[in-house]
Amino acid sequence: MPRRLTRRGRSRYDSAMEKTIFDGIIAGEVPADVVYRDEHVIAFRDINPQAPVHVLVVPLERMESIAEATSGKPETLGRFMQGIATVARELGLEEKGYRVVFNTGRDALQTVQYVHAHILGGRKLGWPPG
Ligand code: 5GP
């Protein structure tokens, strides 16, 4: 099947949502430092870490942002949350604690339109965030 191109020349994988770099990581087409994967989620180190531990957790079932959780499948959302907690535990963050961030939309500077949870830890984190 021929690949459709946007006006800016980027390929689409379907009519509704543009393919993102995270689709490429999930497909194994883009290299990433993967720390966890199961049948529901993948987790890999952020390319531009903001803390000693900075990992992104991504559900294999695509949503653009957590804003879609209002109509998302509870099973998918629950597995996503379980994945976040499991990854944090496996990274050894449970005892001292960690932060989970969902940047959502323009004001929050969401740059990748595929829902992802940032897990940040390994140091004392400031509050409020910028
Ligand atoms: P957002 O601002 O959308 O919440 O966060 C997207 C995150 O993805 C950023 O922290 C950015 O550093 C990370 N990121 C962007 N491109 C890549 C990539 O190709 N590989 C990895 N590992 N992280 C990426």
# chains A, B, ... in the order shown; residues from 1 in each chain; ligands from 1

call {"tool": "residues_near_ligand", "arguments": {"ligand": "ligand 1", "cutoff": "12 Å", "atoms": "only C-alpha atoms and all ligand atoms", "output": "number ranges by chain"}}
result
A: 20-26, 28-35, 42-51, 54-58, 64-66, 100-120

call {"tool": "select_by_dssp", "arguments": {"residues": "chain A", "states": "helix (DSSP H, G or I)", "output": "list in words"}}
result
Ile21, Phe22, Asp23, Gly24, Ile25, Ile26, Ile66, Ala67, Glu68, Ala69, Thr70, Pro74, Glu75, Thr76, Leu77, Gly78, Arg79, Phe80, Met81, Gln82, Gly83, Ile84, Ala85, Thr86, Val87, Ala88, Arg89 and Glu90 of chain A

call {"tool": "write_last_selection", "arguments": {"atoms": "N, CA, C and O atoms", "output": "tab-separated table (two decimals), in the first residue's frame"}}
result
chain	number	residue	atom	x	y	z
A	21	ILE	N	7.64	9.68	16.80
A	21	ILE	CA	8.91	9.00	17.08
A	21	ILE	C	8.68	7.81	18.02
A	21	ILE	O	9.39	6.80	17.92
A	22	PHE	N	7.66	7.89	18.88
A	22	PHE	CA	7.40	6.78	19.80
A	22	PHE	C	6.82	5.57	19.06
A	22	PHE	O	7.07	4.43	19.44
A	23	ASP	N	6.05	5.81	17.98
A	23	ASP	CA	5.60	4.69	17.14
A	23	ASP	C	6.83	3.97	16.58
A	23	ASP	O	6.86	2.73	16.50
A	24	GLY	N	7.85	4.75	16.20
A	24	GLY	CA	9.07	4.16	15.66
A	24	GLY	C	9.82	3.35	16.70
A	24	GLY	O	10.36	2.28	16.39
A	25	ILE	N	9.86	3.85	17.94
A	25	ILE	CA	10.54	3.10	19.02
A	25	ILE	C	9.79	1.80	19.30
A	25	ILE	O	10.39	0.74	19.43
A	26	ILE	N	8.45	1.87	19.37
A	26	ILE	CA	7.66	0.66	19.62
A	26	ILE	C	7.90	-0.38	18.53
A	26	ILE	O	8.04	-1.57	18.80
A	66	ILE	N	-3.24	12.19	27.59
A	66	ILE	CA	-4.04	11.67	28.70
A	66	ILE	C	-5.45	12.29	28.66
A	66	ILE	O	-6.38	11.76	29.29
A	67	ALA	N	-5.62	13.37	27.89
A	67	ALA	CA	-6.96	13.97	27.75
A	67	ALA	C	-7.95	12.96	27.17
A	67	ALA	O	-9.15	13.05	27.41
A	68	GLU	N	-7.46	11.97	26.44
A	68	GLU	CA	-8.35	10.96	25.86
A	68	GLU	C	-8.80	9.92	26.88
A	68	GLU	O	-9.60	9.04	26.55
A	69	ALA	N	-8.28	10.02	28.10
A	69	ALA	CA	-8.64	9.03	29.11
A	69	ALA	C	-10.13	9.07	29.46
A	69	ALA	O	-10.68	8.09	29.97
A	70	THR	N	-10.79	10.19	29.18
A	70	THR	CA	-12.23	10.28	29.48
A	70	THR	C	-13.02	9.22	28.71
A	70	THR	O	-14.04	8.74	29.18
A	74	PRO	N	-10.99	1.42	30.01
A	74	PRO	CA	-10.48	1.30	31.38
A	74	PRO	C	-9.36	0.26	31.50
A	74	PRO	O	-8.40	0.46	32.25
A	75	GLU	N	-9.48	-0.82	30.77
A	75	GLU	CA	-8.46	-1.88	30.83
A	75	GLU	C	-7.11	-1.34	30.35
A	75	GLU	O	-6.08	-1.54	31.00
A	76	THR	N	-7.12	-0.62	29.24
A	76	THR	CA	-5.88	-0.05	28.69
A	76	THR	C	-5.28	0.96	29.66
A	76	THR	O	-4.07	0.96	29.92
A	77	LEU	N	-6.16	1.81	30.21
A	77	LEU	CA	-5.68	2.85	31.13
A	77	LEU	C	-5.13	2.23	32.41
A	77	LEU	O	-4.10	2.67	32.93
A	78	GLY	N	-5.81	1.21	32.90
A	78	GLY	CA	-5.35	0.52	34.11
A	78	GLY	C	-3.99	-0.14	33.89
A	78	GLY	O	-3.10	-0.05	34.73
A	79	ARG	N	-3.83	-0.80	32.75
A	79	ARG	CA	-2.55	-1.44	32.43
A	79	ARG	C	-1.44	-0.39	32.32
A	79	ARG	O	-0.29	-0.65	32.67
A	80	PHE	N	-1.79	0.77	31.79
A	80	PHE	CA	-0.81	1.87	31.67
A	80	PHE	C	-0.35	2.28	33.08
A	80	PHE	O	0.85	2.37	33.35
A	81	MET	N	-1.30	2.49	33.98
A	81	MET	CA	-0.94	2.88	35.35
A	81	MET	C	-0.12	1.79	36.04
A	81	MET	O	0.87	2.08	36.72
A	82	GLN	N	-0.52	0.55	35.84
A	82	GLN	CA	0.26	-0.56	36.43
A	82	GLN	C	1.67	-0.58	35.86
A	82	GLN	O	2.64	-0.84	36.58
A	83	GLY	N	1.78	-0.29	34.57
A	83	GLY	CA	3.10	-0.26	33.93
A	83	GLY	C	3.98	0.81	34.54
A	83	GLY	O	5.17	0.58	34.81
A	84	ILE	N	3.40	1.99	34.80
A	84	ILE	CA	4.18	3.09	35.39
A	84	ILE	C	4.72	2.66	36.77
A	84	ILE	O	5.91	2.81	37.06
A	85	ALA	N	3.85	2.12	37.58
A	85	ALA	CA	4.27	1.70	38.93
A	85	ALA	C	5.29	0.57	38.87
A	85	ALA	O	6.26	0.55	39.65
A	86	THR	N	5.11	-0.35	37.94
A	86	THR	CA	6.05	-1.48	37.81
A	86	THR	C	7.43	-0.99	37.39
A	86	THR	O	8.45	-1.40	37.93
A	87	VAL	N	7.45	-0.09	36.41
A	87	VAL	CA	8.73	0.44	35.93
A	87	VAL	C	9.44	1.19	37.05
A	87	VAL	O	10.64	0.99	37.28
A	88	ALA	N	8.72	2.03	37.78
A	88	ALA	CA	9.34	2.78	38.89
A	88	ALA	C	9.91	1.81	39.92
A	88	ALA	O	11.03	2.02	40.42
A	89	ARG	N	9.17	0.75	40.20
A	89	ARG	CA	9.66	-0.24	41.17
A	89	ARG	C	10.93	-0.92	40.64
A	89	ARG	O	11.92	-1.05	41.34
A	90	GLU	N	10.90	-1.31	39.38
A	90	GLU	CA	12.06	-2.02	38.81
A	90	GLU	C	13.29	-1.11	38.70
A	90	GLU	O	14.42	-1.60	38.71

call {"tool": "select_by_dssp", "arguments": {"residues": "range 41-122 of chain A", "states": "strand (DSSP E or B)", "output": "list in words"}}
result
Val41, Ile42, Ala43, Phe44, Arg45, Val53, His54, Val55, Leu56, Val57, Val58, Pro59, Tyr98, Arg99, Val100, Val101, Ala117, His118, Ile119, Leu120 and Gly121 of chain A

call {"tool": "write_last_selection", "arguments": {"atoms": "N, CA and C atoms", "output": "PDB file, in the first residue's frame"}}
result
ATOM      1  N   VAL A  41       2.812  -2.131  27.707  1.00  0.00           N
ATOM      2  CA  VAL A  41       3.581  -0.874  27.734  1.00  0.00           C
ATOM      3  C   VAL A  41       5.037  -1.109  27.345  1.00  0.00           C
ATOM      4  N   ILE A  42       5.686  -0.003  26.965  1.00  0.00           N
ATOM      5  CA  ILE A  42       7.137   0.004  26.783  1.00  0.00           C
ATOM      6  C   ILE A  42       7.679   1.186  27.585  1.00  0.00           C
ATOM      7  N   ALA A  43       8.886   1.050  28.132  1.00  0.00           N
ATOM      8  CA  ALA A  43       9.522   2.149  28.870  1.00  0.00           C
ATOM      9  C   ALA A  43      10.964   2.266  28.397  1.00  0.00           C
ATOM     10  N   PHE A  44      11.374   3.508  28.156  1.00  0.00           N
ATOM     11  CA  PHE A  44      12.743   3.747  27.666  1.00  0.00           C
ATOM     12  C   PHE A  44      13.247   5.068  28.247  1.00  0.00           C
ATOM     13  N   ARG A  45      14.584   5.212  28.312  1.00  0.00           N
ATOM     14  CA  ARG A  45      15.176   6.414  28.898  1.00  0.00           C
ATOM     15  C   ARG A  45      14.975   7.609  27.973  1.00  0.00           C
ATOM     16  N   VAL A  53      17.311   9.723  36.994  1.00  0.00           N
ATOM     17  CA  VAL A  53      16.463   8.721  36.330  1.00  0.00           C
ATOM     18  C   VAL A  53      15.329   9.476  35.631  1.00  0.00           C
ATOM     19  N   HIS A  54      15.230   9.319  34.336  1.00  0.00           N
ATOM     20  CA  HIS A  54      14.157   9.958  33.555  1.00  0.00           C
ATOM     21  C   HIS A  54      13.751   8.968  32.463  1.00  0.00           C
ATOM     22  N   VAL A  55      12.630   8.322  32.713  1.00  0.00           N
ATOM     23  CA  VAL A  55      12.154   7.254  31.827  1.00  0.00           C
ATOM     24  C   VAL A  55      10.756   7.621  31.340  1.00  0.00           C
ATOM     25  N   LEU A  56      10.457   7.280  30.102  1.00  0.00           N
ATOM     26  CA  LEU A  56       9.129   7.498  29.519  1.00  0.00           C
ATOM     27  C   LEU A  56       8.411   6.163  29.432  1.00  0.00           C
ATOM     28  N   VAL A  57       7.168   6.140  29.900  1.00  0.00           N
ATOM     29  CA  VAL A  57       6.344   4.929  29.806  1.00  0.00           C
ATOM     30  C   VAL A  57       5.242   5.207  28.788  1.00  0.00           C
ATOM     31  N   VAL A  58       5.094   4.296  27.835  1.00  0.00           N
ATOM     32  CA  VAL A  58       4.181   4.510  26.698  1.00  0.00           C
ATOM     33  C   VAL A  58       3.311   3.258  26.534  1.00  0.00           C
ATOM     34  N   PRO A  59       1.984   3.424  26.493  1.00  0.00           N
ATOM     35  CA  PRO A  59       1.136   2.252  26.234  1.00  0.00           C
ATOM     36  C   PRO A  59       1.266   1.837  24.771  1.00  0.00           C
ATOM     37  N   TYR A  98       9.362   9.280  43.585  1.00  0.00           N
ATOM     38  CA  TYR A  98       9.565   9.721  42.193  1.00  0.00           C
ATOM     39  C   TYR A  98       8.374  10.557  41.781  1.00  0.00           C
ATOM     40  N   ARG A  99       8.500  11.224  40.660  1.00  0.00           N
ATOM     41  CA  ARG A  99       7.393  12.034  40.123  1.00  0.00           C
ATOM     42  C   ARG A  99       6.954  11.455  38.786  1.00  0.00           C
ATOM     43  N   VAL A 100       5.631  11.478  38.558  1.00  0.00           N
ATOM     44  CA  VAL A 100       5.055  11.062  37.278  1.00  0.00           C
ATOM     45  C   VAL A 100       4.411  12.285  36.645  1.00  0.00           C
ATOM     46  N   VAL A 101       4.781  12.586  35.412  1.00  0.00           N
ATOM     47  CA  VAL A 101       4.298  13.798  34.733  1.00  0.00           C
ATOM     48  C   VAL A 101       3.672  13.415  33.393  1.00  0.00           C
ATOM     49  N   ALA A 117       4.055   8.855  29.989  1.00  0.00           N
ATOM     50  CA  ALA A 117       4.279   9.316  31.358  1.00  0.00           C
ATOM     51  C   ALA A 117       5.775   9.463  31.558  1.00  0.00           C
ATOM     52  N   HIS A 118       6.176  10.640  32.056  1.00  0.00           N
ATOM     53  CA  HIS A 118       7.578  10.821  32.456  1.00  0.00           C
ATOM     54  C   HIS A 118       7.695  10.302  33.888  1.00  0.00           C
ATOM     55  N   ILE A 119       8.656   9.426  34.147  1.00  0.00           N
ATOM     56  CA  ILE A 119       9.017   9.064  35.519  1.00  0.00           C
ATOM     57  C   ILE A 119      10.351   9.742  35.804  1.00  0.00           C
ATOM     58  N   LEU A 120      10.338  10.604  36.831  1.00  0.00           N
ATOM     59  CA  LEU A 120      11.545  11.352  37.205  1.00  0.00           C
ATOM     60  C   LEU A 120      11.926  10.998  38.624  1.00  0.00           C
ATOM     61  N   GLY A 121      13.202  10.709  38.837  1.00  0.00           N
ATOM     62  CA  GLY A 121      13.639  10.382  40.191  1.00  0.00           C
ATOM     63  C   GLY A 121      15.152  10.345  40.280  1.00  0.00           C
TER      64      GLY A 121
END

call {"tool": "atom_distance", "arguments": {"atom1": "CA of Leu60 in chain A", "atom2": "CA of Gly92 in chain A"}}
result
23.3 Å
